[in-house]
Amino acid sequence: MTDTPGLNLAGFSDWLAQAHPELAGPPGGDLRATLIAGGRSNLTYRVDGTAHPLIVRRPPLGHVLASAHDMGREHRVISALAGSGVPVPPAVDLVDDTAAGAVTGTSFFVMRVVEGVVLASPRQNADYTPSGLHGLGLEFAATLARLHTLDAASVGLGDFGRPDGYLDRQLRTWRRQLEASRSRDLPELDRLQQRLEERMPPAADVRSGIVHGDYRLDNAIIDGPADAPRIAAILDWEMATLGDPLVDLGMLGMYWNIASLAPDAVGLTRSAVDPAAGYPEFDELVDHYALAAGIRTPDLTWYRAFAAYKLAVILEGIHYRYRQGQTLGDGFDRIGQLVEPLASTGLSHTTTGV
């Protein structure tokens with residue numbers, strides 16, 4: 001067995017044999033671990049050589065902000081959504097390895113692999129027909145509407161968060177995250193933060209539901225033929241909670257159009273979305289979402305500005321970890337360059353009202 005940074009594979013093998021012997025590989029067989037997401041969010045490993053391929057998720061190395069990278073939150077929501085109509089990977093276990101340090105030295109959770117592809121680059125679109133990609137985009141919007149219209153209590157998530165005051169807490173949370181990662185002056189981002197505070201939607205206009213927190217196409221596994229791809233699983237639930245569902249829709253708009261943000265944006269934030277390849281425009285997604293959710297087409301002005309702010313703060317945190325030498329993988333040397341363009345994008349939404 002060859003260890004991968006952040007995962008003691010021999011320790012994982014021993015844990016699996018004791019806790020889930022039905023998933024352990026053949027006696028004497030070697031496990032193999034591959035890092036498939038390295039440091040922009042939680043670390044994700046695929047482990048082969050077991051009875052069924054597994055995924056191990058753990059927090060990033062080094063600088064970890066309070067309230068971020070919550071393994072228990074991810075495991076709980078994936079377990080709760082099984083059979084709900086929102087496709088998620090089958091959960092296996094949640095482990096607090098903080099004291100023992102035999103596997104990761106932190107909390108981690110395990111789930112089964114869902115086979116398929118993650119669409120993260122425009123070149124992957126050649127594997128699908130334009131009508132297939134158009135239908136996939138609409139299904140992606142309808143899946144979000146399905147999540148947002150679920151009765152949280154009916155799936156055991158009635159106490160998963162506090163919907164009242166959600167937007168105010170979100171702003172305060174991300175302001176704290178920014179201050180914890182601040183290593184340079186960011187005047188545009190500070191201006192955007194102030195504007196969001198001044199123009200928050202009235203509480204009476206805010207509805208509540210289960211919020212994913214990072215809903216974008218490359219957080220989904222896609223399966224199926226070229227002319228009819230389908231969503232096999234939605235991933236990355238570390239920021240899920242109960243709150244205002246339009247936050248998810250605003251974030252989806254940010255990622256859906258990320259290619260126009262800056263010349264290097266696609267390489268750093270990953271997006272296959274290209275309307276020229278067949279994907280619907282974001283306005284069509286919003287209309288389809290509203291139809292599936294049974295609501296009027298919403299005003300996303302504040303939410304799209306907030307999405308830009310949130311992503312800018314996330315990337316500033318990654319930039320901070322990169323400067324501390326605490327990231328794994330490539331591309332982190334340029335990720336800080338996107339923070340100011342994102343802040344400017346957010347400010348433009350508050351100015352134009354679109």
# chains A, B, ... in the order shown; residues from 1 in each chain; ligands from 1

call {"tool": "residues_around", "arguments": {"residues": "segment 330-339 of chain A", "least_positions_apart": "4", "cutoff": "7 Å", "atoms": "only C-alpha atoms", "output": "list in words"}}
result
Leu268, Ala312, Leu315, Glu316, His319, Tyr322 and Ala343 of chain A

call {"tool": "select_by_dssp", "arguments": {"residues": "segment 82-327 of chain A", "states": "strand (DSSP E)", "output": "PyMOL selection string"}}
result
chain A and resi 91-96+107-112+209-211+220-223+230-234+241-243

call {"tool": "select_by_dssp", "arguments": {"residues": "segment 42-254 of chain A", "states": "alpha helix (DSSP H)", "output": "PyMOL selection string"}}
result
chain A and resi 71-81+130-149+166-181+187-198+246-254

call {"tool": "closest_residue", "arguments": {"among": "A:Thr351, A:Thr241, A:Thr173, A:Ser271", "to": "Ile314 of chain A", "atoms": "only C-alpha atoms"}}
result
A:Thr173

call {"tool": "closest_residue", "arguments": {"among": "A:Leu157, A:Leu16, A:Leu167, A:Val118", "to": "Ala102 of chain A", "atoms": "only C-alpha atoms"}}
result
A:Leu16

call {"tool": "residues_around", "arguments": {"residues": "segment 299-303 of chain A", "least_positions_apart": "3", "cutoff": "9 Å", "atoms": "only C-alpha atoms", "output": "number ranges by chain"}}
result
A: 196, 199-201, 246-251, 306-308, 346, 349-350, 352-354

call {"tool": "write_last_selection", "arguments": {"atoms": "N, CA, C and O atoms", "output": "PDB file, in the first residue's frame"}}
result
ATOM      1  N   LEU A 196     -24.126  44.477   0.450  1.00  0.00           N
ATOM      2  CA  LEU A 196     -24.990  43.338   0.758  1.00  0.00           C
ATOM      3  C   LEU A 196     -25.683  43.531   2.107  1.00  0.00           C
ATOM      4  O   LEU A 196     -26.858  43.192   2.268  1.00  0.00           O
ATOM      5  N   ARG A 199     -28.602  46.009   1.663  1.00  0.00           N
ATOM      6  CA  ARG A 199     -29.700  45.687   0.753  1.00  0.00           C
ATOM      7  C   ARG A 199     -30.242  44.274   0.949  1.00  0.00           C
ATOM      8  O   ARG A 199     -30.785  43.681   0.020  1.00  0.00           O
ATOM      9  N   MET A 200     -30.131  43.737   2.126  1.00  0.00           N
ATOM     10  CA  MET A 200     -30.597  42.382   2.387  1.00  0.00           C
ATOM     11  C   MET A 200     -32.110  42.279   2.175  1.00  0.00           C
ATOM     12  O   MET A 200     -32.863  43.165   2.568  1.00  0.00           O
ATOM     13  N   PRO A 201     -32.584  41.196   1.543  1.00  0.00           N
ATOM     14  CA  PRO A 201     -34.035  41.027   1.338  1.00  0.00           C
ATOM     15  C   PRO A 201     -34.792  41.022   2.662  1.00  0.00           C
ATOM     16  O   PRO A 201     -34.305  40.467   3.659  1.00  0.00           O
ATOM     17  N   LEU A 246     -32.991  30.449  -2.337  1.00  0.00           N
ATOM     18  CA  LEU A 246     -32.516  31.283  -3.444  1.00  0.00           C
ATOM     19  C   LEU A 246     -31.013  31.524  -3.371  1.00  0.00           C
ATOM     20  O   LEU A 246     -30.399  31.919  -4.375  1.00  0.00           O
ATOM     21  N   VAL A 247     -30.391  31.285  -2.213  1.00  0.00           N
ATOM     22  CA  VAL A 247     -28.930  31.360  -2.129  1.00  0.00           C
ATOM     23  C   VAL A 247     -28.313  30.331  -3.065  1.00  0.00           C
ATOM     24  O   VAL A 247     -27.323  30.597  -3.750  1.00  0.00           O
ATOM     25  N   ASP A 248     -28.884  29.115  -3.097  1.00  0.00           N
ATOM     26  CA  ASP A 248     -28.397  28.087  -4.016  1.00  0.00           C
ATOM     27  C   ASP A 248     -28.553  28.523  -5.467  1.00  0.00           C
ATOM     28  O   ASP A 248     -27.666  28.298  -6.302  1.00  0.00           O
ATOM     29  N   LEU A 249     -29.693  29.129  -5.783  1.00  0.00           N
ATOM     30  CA  LEU A 249     -29.938  29.533  -7.162  1.00  0.00           C
ATOM     31  C   LEU A 249     -28.989  30.653  -7.576  1.00  0.00           C
ATOM     32  O   LEU A 249     -28.496  30.680  -8.716  1.00  0.00           O
ATOM     33  N   GLY A 250     -28.711  31.566  -6.666  1.00  0.00           N
ATOM     34  CA  GLY A 250     -27.739  32.615  -6.956  1.00  0.00           C
ATOM     35  C   GLY A 250     -26.354  32.048  -7.201  1.00  0.00           C
ATOM     36  O   GLY A 250     -25.634  32.473  -8.123  1.00  0.00           O
ATOM     37  N   MET A 251     -25.945  31.057  -6.374  1.00  0.00           N
ATOM     38  CA  MET A 251     -24.643  30.424  -6.584  1.00  0.00           C
ATOM     39  C   MET A 251     -24.601  29.672  -7.901  1.00  0.00           C
ATOM     40  O   MET A 251     -23.586  29.689  -8.611  1.00  0.00           O
ATOM     41  N   PHE A 306     -24.472  38.164  -3.654  1.00  0.00           N
ATOM     42  CA  PHE A 306     -23.969  37.394  -2.522  1.00  0.00           C
ATOM     43  C   PHE A 306     -23.144  36.207  -2.998  1.00  0.00           C
ATOM     44  O   PHE A 306     -22.121  35.858  -2.386  1.00  0.00           O
ATOM     45  N   ALA A 307     -23.559  35.564  -4.085  1.00  0.00           N
ATOM     46  CA  ALA A 307     -22.805  34.428  -4.624  1.00  0.00           C
ATOM     47  C   ALA A 307     -21.386  34.847  -4.993  1.00  0.00           C
ATOM     48  O   ALA A 307     -20.421  34.123  -4.722  1.00  0.00           O
ATOM     49  N   ALA A 308     -21.259  36.021  -5.614  1.00  0.00           N
ATOM     50  CA  ALA A 308     -19.929  36.510  -5.973  1.00  0.00           C
ATOM     51  C   ALA A 308     -19.088  36.767  -4.729  1.00  0.00           C
ATOM     52  O   ALA A 308     -17.896  36.450  -4.687  1.00  0.00           O
ATOM     53  N   GLY A 346     -19.926  41.057  -8.326  1.00  0.00           N
ATOM     54  CA  GLY A 346     -20.979  41.218  -7.327  1.00  0.00           C
ATOM     55  C   GLY A 346     -21.488  42.641  -7.263  1.00  0.00           C
ATOM     56  O   GLY A 346     -22.702  42.881  -7.193  1.00  0.00           O
ATOM     57  N   HIS A 349     -23.908  43.442 -10.070  1.00  0.00           N
ATOM     58  CA  HIS A 349     -25.267  42.954  -9.871  1.00  0.00           C
ATOM     59  C   HIS A 349     -26.073  43.916  -8.999  1.00  0.00           C
ATOM     60  O   HIS A 349     -27.252  44.152  -9.249  1.00  0.00           O
ATOM     61  N   THR A 350     -25.437  44.479  -7.977  1.00  0.00           N
ATOM     62  CA  THR A 350     -26.171  45.400  -7.106  1.00  0.00           C
ATOM     63  C   THR A 350     -26.462  46.716  -7.805  1.00  0.00           C
ATOM     64  O   THR A 350     -27.390  47.434  -7.441  1.00  0.00           O
ATOM     65  N   THR A 352     -26.867  47.000 -11.413  1.00  0.00           N
ATOM     66  CA  THR A 352     -27.774  46.821 -12.542  1.00  0.00           C
ATOM     67  C   THR A 352     -29.097  46.214 -12.140  1.00  0.00           C
ATOM     68  O   THR A 352     -30.097  46.342 -12.848  1.00  0.00           O
ATOM     69  N   GLY A 353     -29.097  45.480 -10.999  1.00  0.00           N
ATOM     70  CA  GLY A 353     -30.334  44.864 -10.561  1.00  0.00           C
ATOM     71  C   GLY A 353     -30.755  43.671 -11.401  1.00  0.00           C
ATOM     72  O   GLY A 353     -31.938  43.417 -11.601  1.00  0.00           O
ATOM     73  N   VAL A 354     -29.756  42.904 -11.907  1.00  0.00           N
ATOM     74  CA  VAL A 354     -30.062  41.690 -12.682  1.00  0.00           C
ATOM     75  C   VAL A 354     -29.277  40.534 -12.118  1.00  0.00           C
ATOM     76  O   VAL A 354     -28.334  40.715 -11.406  1.00  0.00           O
TER      77      VAL A 354
END

call {"tool": "closest_atom_pairs", "arguments": {"of": "segment 60-159 of chain A", "to": "segment 280-295 of chain A", "cutoff": "7 Å", "atoms": "only C-alpha atoms", "output": "Markdown table"}}
result
| residue | atom | partner | partner_atom | distance |
| --- | --- | --- | --- | --- |
| A:His134 | CA | A:Pro280 | CA | 5.4 |
| A:Gly137 | CA | A:Pro280 | CA | 6.2 |
| A:Leu138 | CA | A:Leu285 | CA | 6.1 |
| A:Ala141 | CA | A:Tyr289 | CA | 5.1 |
| A:Ala142 | CA | A:Tyr289 | CA | 5.4 |
| A:Ala145 | CA | A:Ala293 | CA | 5.0 |
| A:Arg146 | CA | A:Ala293 | CA | 6.9 |
| A:Thr149 | CA | A:Ala293 | CA | 6.4 |

call {"tool": "residues_around", "arguments": {"residues": "segment 214-223 of chain A", "least_positions_apart": "6", "cutoff": "9 Å", "atoms": "only C-alpha atoms", "output": "PyMOL selection string"}}
result
chain A and resi 114-121+136-137+140+144+229-240+248-249+251-256+270-273

call {"tool": "residues_around", "arguments": {"residues": "Gly6 of chain A", "least_positions_apart": "4", "cutoff": "9 Å", "atoms": "only C-alpha atoms", "output": "ChimeraX atom specification"}}
result
/A:43,58,60-61,103-105

call {"tool": "write_last_selection", "arguments": {"atoms": "all heavy atoms", "output": "PDB file, in the first residue's frame"}}
result
ATOM      1  N   LEU A  43     -10.667  17.204   1.177  1.00  0.00           N
ATOM      2  CA  LEU A  43      -9.869  16.260   0.403  1.00  0.00           C
ATOM      3  C   LEU A  43     -10.710  15.014   0.140  1.00  0.00           C
ATOM      4  O   LEU A  43     -11.385  14.499   1.034  1.00  0.00           O
ATOM      5  CB  LEU A  43      -8.598  15.881   1.155  1.00  0.00           C
ATOM      6  CG  LEU A  43      -7.653  17.030   1.506  1.00  0.00           C
ATOM      7  CD1 LEU A  43      -6.406  16.495   2.201  1.00  0.00           C
ATOM      8  CD2 LEU A  43      -7.254  17.808   0.266  1.00  0.00           C
ATOM      9  N   ARG A  58     -12.243  13.999   3.897  1.00  0.00           N
ATOM     10  CA  ARG A  58     -11.701  14.578   5.122  1.00  0.00           C
ATOM     11  C   ARG A  58     -11.449  16.069   4.902  1.00  0.00           C
ATOM     12  O   ARG A  58     -11.377  16.538   3.753  1.00  0.00           O
ATOM     13  CB  ARG A  58     -10.390  13.887   5.507  1.00  0.00           C
ATOM     14  CG  ARG A  58      -9.303  13.963   4.440  1.00  0.00           C
ATOM     15  CD  ARG A  58      -7.916  14.002   5.059  1.00  0.00           C
ATOM     16  NE  ARG A  58      -7.698  15.242   5.809  1.00  0.00           N
ATOM     17  CZ  ARG A  58      -6.699  15.430   6.667  1.00  0.00           C
ATOM     18  NH1 ARG A  58      -5.830  14.459   6.875  1.00  0.00           N
ATOM     19  NH2 ARG A  58      -6.566  16.587   7.299  1.00  0.00           N
ATOM     20  N   PRO A  60      -9.448  19.699   4.584  1.00  0.00           N
ATOM     21  CA  PRO A  60      -8.148  19.995   3.983  1.00  0.00           C
ATOM     22  C   PRO A  60      -7.049  20.041   5.027  1.00  0.00           C
ATOM     23  O   PRO A  60      -7.304  20.187   6.220  1.00  0.00           O
ATOM     24  CB  PRO A  60      -8.359  21.357   3.325  1.00  0.00           C
ATOM     25  CG  PRO A  60      -9.504  21.962   4.066  1.00  0.00           C
ATOM     26  CD  PRO A  60     -10.383  20.830   4.472  1.00  0.00           C
ATOM     27  N   LEU A  61      -5.827  19.923   4.569  1.00  0.00           N
ATOM     28  CA  LEU A  61      -4.678  20.010   5.457  1.00  0.00           C
ATOM     29  C   LEU A  61      -4.497  21.447   5.933  1.00  0.00           C
ATOM     30  O   LEU A  61      -4.836  22.400   5.242  1.00  0.00           O
ATOM     31  CB  LEU A  61      -3.400  19.559   4.728  1.00  0.00           C
ATOM     32  CG  LEU A  61      -3.411  18.174   4.085  1.00  0.00           C
ATOM     33  CD1 LEU A  61      -2.085  17.914   3.392  1.00  0.00           C
ATOM     34  CD2 LEU A  61      -3.703  17.095   5.106  1.00  0.00           C
ATOM     35  N   VAL A 103      -6.068   6.945  10.809  1.00  0.00           N
ATOM     36  CA  VAL A 103      -6.436   7.017   9.392  1.00  0.00           C
ATOM     37  C   VAL A 103      -6.158   8.402   8.808  1.00  0.00           C
ATOM     38  O   VAL A 103      -5.446   8.545   7.823  1.00  0.00           O
ATOM     39  CB  VAL A 103      -7.926   6.641   9.203  1.00  0.00           C
ATOM     40  CG1 VAL A 103      -8.308   6.703   7.722  1.00  0.00           C
ATOM     41  CG2 VAL A 103      -8.201   5.249   9.768  1.00  0.00           C
ATOM     42  N   THR A 104      -6.739   9.442   9.415  1.00  0.00           N
ATOM     43  CA  THR A 104      -6.550  10.804   8.907  1.00  0.00           C
ATOM     44  C   THR A 104      -6.088  11.769   9.991  1.00  0.00           C
ATOM     45  O   THR A 104      -5.609  12.856   9.671  1.00  0.00           O
ATOM     46  CB  THR A 104      -7.863  11.350   8.316  1.00  0.00           C
ATOM     47  OG1 THR A 104      -8.841  11.434   9.363  1.00  0.00           O
ATOM     48  CG2 THR A 104      -8.378  10.454   7.189  1.00  0.00           C
ATOM     49  N   GLY A 105      -6.286  11.420  11.259  1.00  0.00           N
ATOM     50  CA  GLY A 105      -5.994  12.341  12.341  1.00  0.00           C
ATOM     51  C   GLY A 105      -7.042  13.404  12.515  1.00  0.00           C
ATOM     52  O   GLY A 105      -6.877  14.354  13.281  1.00  0.00           O
TER      53      GLY A 105
END

call {"tool": "residues_around", "arguments": {"residues": "segment 181-186 of chain A", "least_positions_apart": "4", "cutoff": "8 Å", "atoms": "only C-alpha atoms", "output": "ChimeraX atom specification"}}
result
/A:177,190,316-317,320,340

call {"tool": "write_last_selection", "arguments": {"atoms": "C-alpha atoms", "output": "compact mmCIF listing (two decimals), in the first residue's frame"}}
result
# COMPACT_ATOMS: atom_id res chain seq x y z
CA GLN A 177 -14.16 33.69 7.19
CA ASP A 190 -15.18 45.20 1.41
CA GLU A 316 -9.31 34.12 -0.63
CA GLY A 317 -9.20 31.33 1.96
CA TYR A 320 -4.26 32.05 2.16
CA GLU A 340 -11.14 41.17 -7.08

call {"tool": "closest_residue", "arguments": {"among": "A:Leu347, A:Val313, A:Gly325, A:Arg76", "to": "Ala180 of chain A", "atoms": "only C-alpha atoms"}}
result
A:Val313

call {"tool": "decode", "arguments": {"residues": "segment 321-350 of chain A", "atoms": "N, CA and C atoms", "output": "PDB file, in the first residue's frame"}}
result
ATOM      1  N   ARG A 321      -4.285  29.600   2.212  1.00  0.00           N
ATOM      2  CA  ARG A 321      -3.681  28.285   2.451  1.00  0.00           C
ATOM      3  C   ARG A 321      -2.524  28.029   1.483  1.00  0.00           C
ATOM      4  N   TYR A 322      -2.669  28.496   0.243  1.00  0.00           N
ATOM      5  CA  TYR A 322      -1.574  28.336  -0.724  1.00  0.00           C
ATOM      6  C   TYR A 322      -0.318  29.071  -0.248  1.00  0.00           C
ATOM      7  N   ARG A 323      -0.488  30.291   0.245  1.00  0.00           N
ATOM      8  CA  ARG A 323       0.662  31.064   0.710  1.00  0.00           C
ATOM      9  C   ARG A 323       1.305  30.439   1.944  1.00  0.00           C
ATOM     10  N   GLN A 324       0.517  29.643   2.680  1.00  0.00           N
ATOM     11  CA  GLN A 324       1.060  28.939   3.843  1.00  0.00           C
ATOM     12  C   GLN A 324       1.630  27.570   3.468  1.00  0.00           C
ATOM     13  N   GLY A 325       1.569  27.207   2.167  1.00  0.00           N
ATOM     14  CA  GLY A 325       2.078  25.910   1.722  1.00  0.00           C
ATOM     15  C   GLY A 325       1.196  24.747   2.137  1.00  0.00           C
ATOM     16  N   GLN A 326      -0.131  24.982   2.229  1.00  0.00           N
ATOM     17  CA  GLN A 326      -1.038  23.968   2.762  1.00  0.00           C
ATOM     18  C   GLN A 326      -2.093  23.541   1.744  1.00  0.00           C
ATOM     19  N   THR A 327      -1.735  23.527   0.447  1.00  0.00           N
ATOM     20  CA  THR A 327      -2.641  23.031  -0.575  1.00  0.00           C
ATOM     21  C   THR A 327      -1.968  21.887  -1.315  1.00  0.00           C
ATOM     22  N   LEU A 328      -2.788  20.989  -1.841  1.00  0.00           N
ATOM     23  CA  LEU A 328      -2.299  19.875  -2.646  1.00  0.00           C
ATOM     24  C   LEU A 328      -2.873  20.016  -4.049  1.00  0.00           C
ATOM     25  N   GLY A 329      -2.025  19.907  -5.078  1.00  0.00           N
ATOM     26  CA  GLY A 329      -2.484  20.013  -6.444  1.00  0.00           C
ATOM     27  C   GLY A 329      -1.950  21.266  -7.119  1.00  0.00           C
ATOM     28  N   ASP A 330      -2.413  21.481  -8.372  1.00  0.00           N
ATOM     29  CA  ASP A 330      -1.911  22.578  -9.199  1.00  0.00           C
ATOM     30  C   ASP A 330      -2.937  23.707  -9.296  1.00  0.00           C
ATOM     31  N   GLY A 331      -2.474  24.880  -9.726  1.00  0.00           N
ATOM     32  CA  GLY A 331      -3.351  26.001 -10.026  1.00  0.00           C
ATOM     33  C   GLY A 331      -3.549  26.990  -8.904  1.00  0.00           C
ATOM     34  N   PHE A 332      -3.060  26.685  -7.711  1.00  0.00           N
ATOM     35  CA  PHE A 332      -3.326  27.546  -6.564  1.00  0.00           C
ATOM     36  C   PHE A 332      -2.527  28.840  -6.601  1.00  0.00           C
ATOM     37  N   ASP A 333      -1.470  28.904  -7.384  1.00  0.00           N
ATOM     38  CA  ASP A 333      -0.674  30.113  -7.458  1.00  0.00           C
ATOM     39  C   ASP A 333      -1.432  31.263  -8.122  1.00  0.00           C
ATOM     40  N   ARG A 334      -2.486  30.953  -8.867  1.00  0.00           N
ATOM     41  CA  ARG A 334      -3.239  31.981  -9.591  1.00  0.00           C
ATOM     42  C   ARG A 334      -4.624  32.224  -9.025  1.00  0.00           C
ATOM     43  N   ILE A 335      -5.031  31.431  -8.058  1.00  0.00           N
ATOM     44  CA  ILE A 335      -6.424  31.503  -7.635  1.00  0.00           C
ATOM     45  C   ILE A 335      -6.750  32.827  -6.939  1.00  0.00           C
ATOM     46  N   GLY A 336      -5.788  33.447  -6.295  1.00  0.00           N
ATOM     47  CA  GLY A 336      -6.026  34.733  -5.654  1.00  0.00           C
ATOM     48  C   GLY A 336      -6.335  35.840  -6.633  1.00  0.00           C
ATOM     49  N   GLN A 337      -5.983  35.646  -7.914  1.00  0.00           N
ATOM     50  CA  GLN A 337      -6.234  36.669  -8.920  1.00  0.00           C
ATOM     51  C   GLN A 337      -7.722  36.827  -9.247  1.00  0.00           C
ATOM     52  N   LEU A 338      -8.529  35.857  -8.859  1.00  0.00           N
ATOM     53  CA  LEU A 338      -9.957  35.915  -9.161  1.00  0.00           C
ATOM     54  C   LEU A 338     -10.769  36.667  -8.117  1.00  0.00           C
ATOM     55  N   VAL A 339     -10.183  36.983  -6.981  1.00  0.00           N
ATOM     56  CA  VAL A 339     -10.962  37.555  -5.881  1.00  0.00           C
ATOM     57  C   VAL A 339     -11.515  38.932  -6.240  1.00  0.00           C
ATOM     58  N   GLU A 340     -10.667  39.827  -6.727  1.00  0.00           N
ATOM     59  CA  GLU A 340     -11.139  41.168  -7.080  1.00  0.00           C
ATOM     60  C   GLU A 340     -12.121  41.156  -8.250  1.00  0.00           C
ATOM     61  N   PRO A 341     -11.881  40.374  -9.343  1.00  0.00           N
ATOM     62  CA  PRO A 341     -12.910  40.308 -10.393  1.00  0.00           C
ATOM     63  C   PRO A 341     -14.259  39.808  -9.886  1.00  0.00           C
ATOM     64  N   LEU A 342     -14.237  38.866  -8.957  1.00  0.00           N
ATOM     65  CA  LEU A 342     -15.492  38.394  -8.380  1.00  0.00           C
ATOM     66  C   LEU A 342     -16.187  39.507  -7.603  1.00  0.00           C
ATOM     67  N   ALA A 343     -15.428  40.264  -6.836  1.00  0.00           N
ATOM     68  CA  ALA A 343     -16.015  41.376  -6.089  1.00  0.00           C
ATOM     69  C   ALA A 343     -16.634  42.391  -7.041  1.00  0.00           C
ATOM     70  N   SER A 344     -15.955  42.678  -8.135  1.00  0.00           N
ATOM     71  CA  SER A 344     -16.491  43.618  -9.124  1.00  0.00           C
ATOM     72  C   SER A 344     -17.767  43.087  -9.759  1.00  0.00           C
ATOM     73  N   THR A 345     -17.802  41.773 -10.023  1.00  0.00           N
ATOM     74  CA  THR A 345     -19.007  41.155 -10.575  1.00  0.00           C
ATOM     75  C   THR A 345     -20.171  41.308  -9.602  1.00  0.00           C
ATOM     76  N   GLY A 346     -19.926  41.057  -8.326  1.00  0.00           N
ATOM     77  CA  GLY A 346     -20.979  41.218  -7.327  1.00  0.00           C
ATOM     78  C   GLY A 346     -21.488  42.641  -7.263  1.00  0.00           C
ATOM     79  N   LEU A 347     -20.579  43.606  -7.296  1.00  0.00           N
ATOM     80  CA  LEU A 347     -20.986  45.013  -7.263  1.00  0.00           C
ATOM     81  C   LEU A 347     -21.820  45.370  -8.491  1.00  0.00           C
ATOM     82  N   SER A 348     -21.495  44.779  -9.643  1.00  0.00           N
ATOM     83  CA  SER A 348     -22.251  45.079 -10.862  1.00  0.00           C
ATOM     84  C   SER A 348     -23.680  44.575 -10.738  1.00  0.00           C
ATOM     85  N   HIS A 349     -23.908  43.442 -10.070  1.00  0.00           N
ATOM     86  CA  HIS A 349     -25.267  42.954  -9.871  1.00  0.00           C
ATOM     87  C   HIS A 349     -26.073  43.916  -8.999  1.00  0.00           C
ATOM     88  N   THR A 350     -25.437  44.479  -7.977  1.00  0.00           N
ATOM     89  CA  THR A 350     -26.171  45.400  -7.106  1.00  0.00           C
ATOM     90  C   THR A 350     -26.462  46.716  -7.805  1.00  0.00           C
TER      91      THR A 350
END
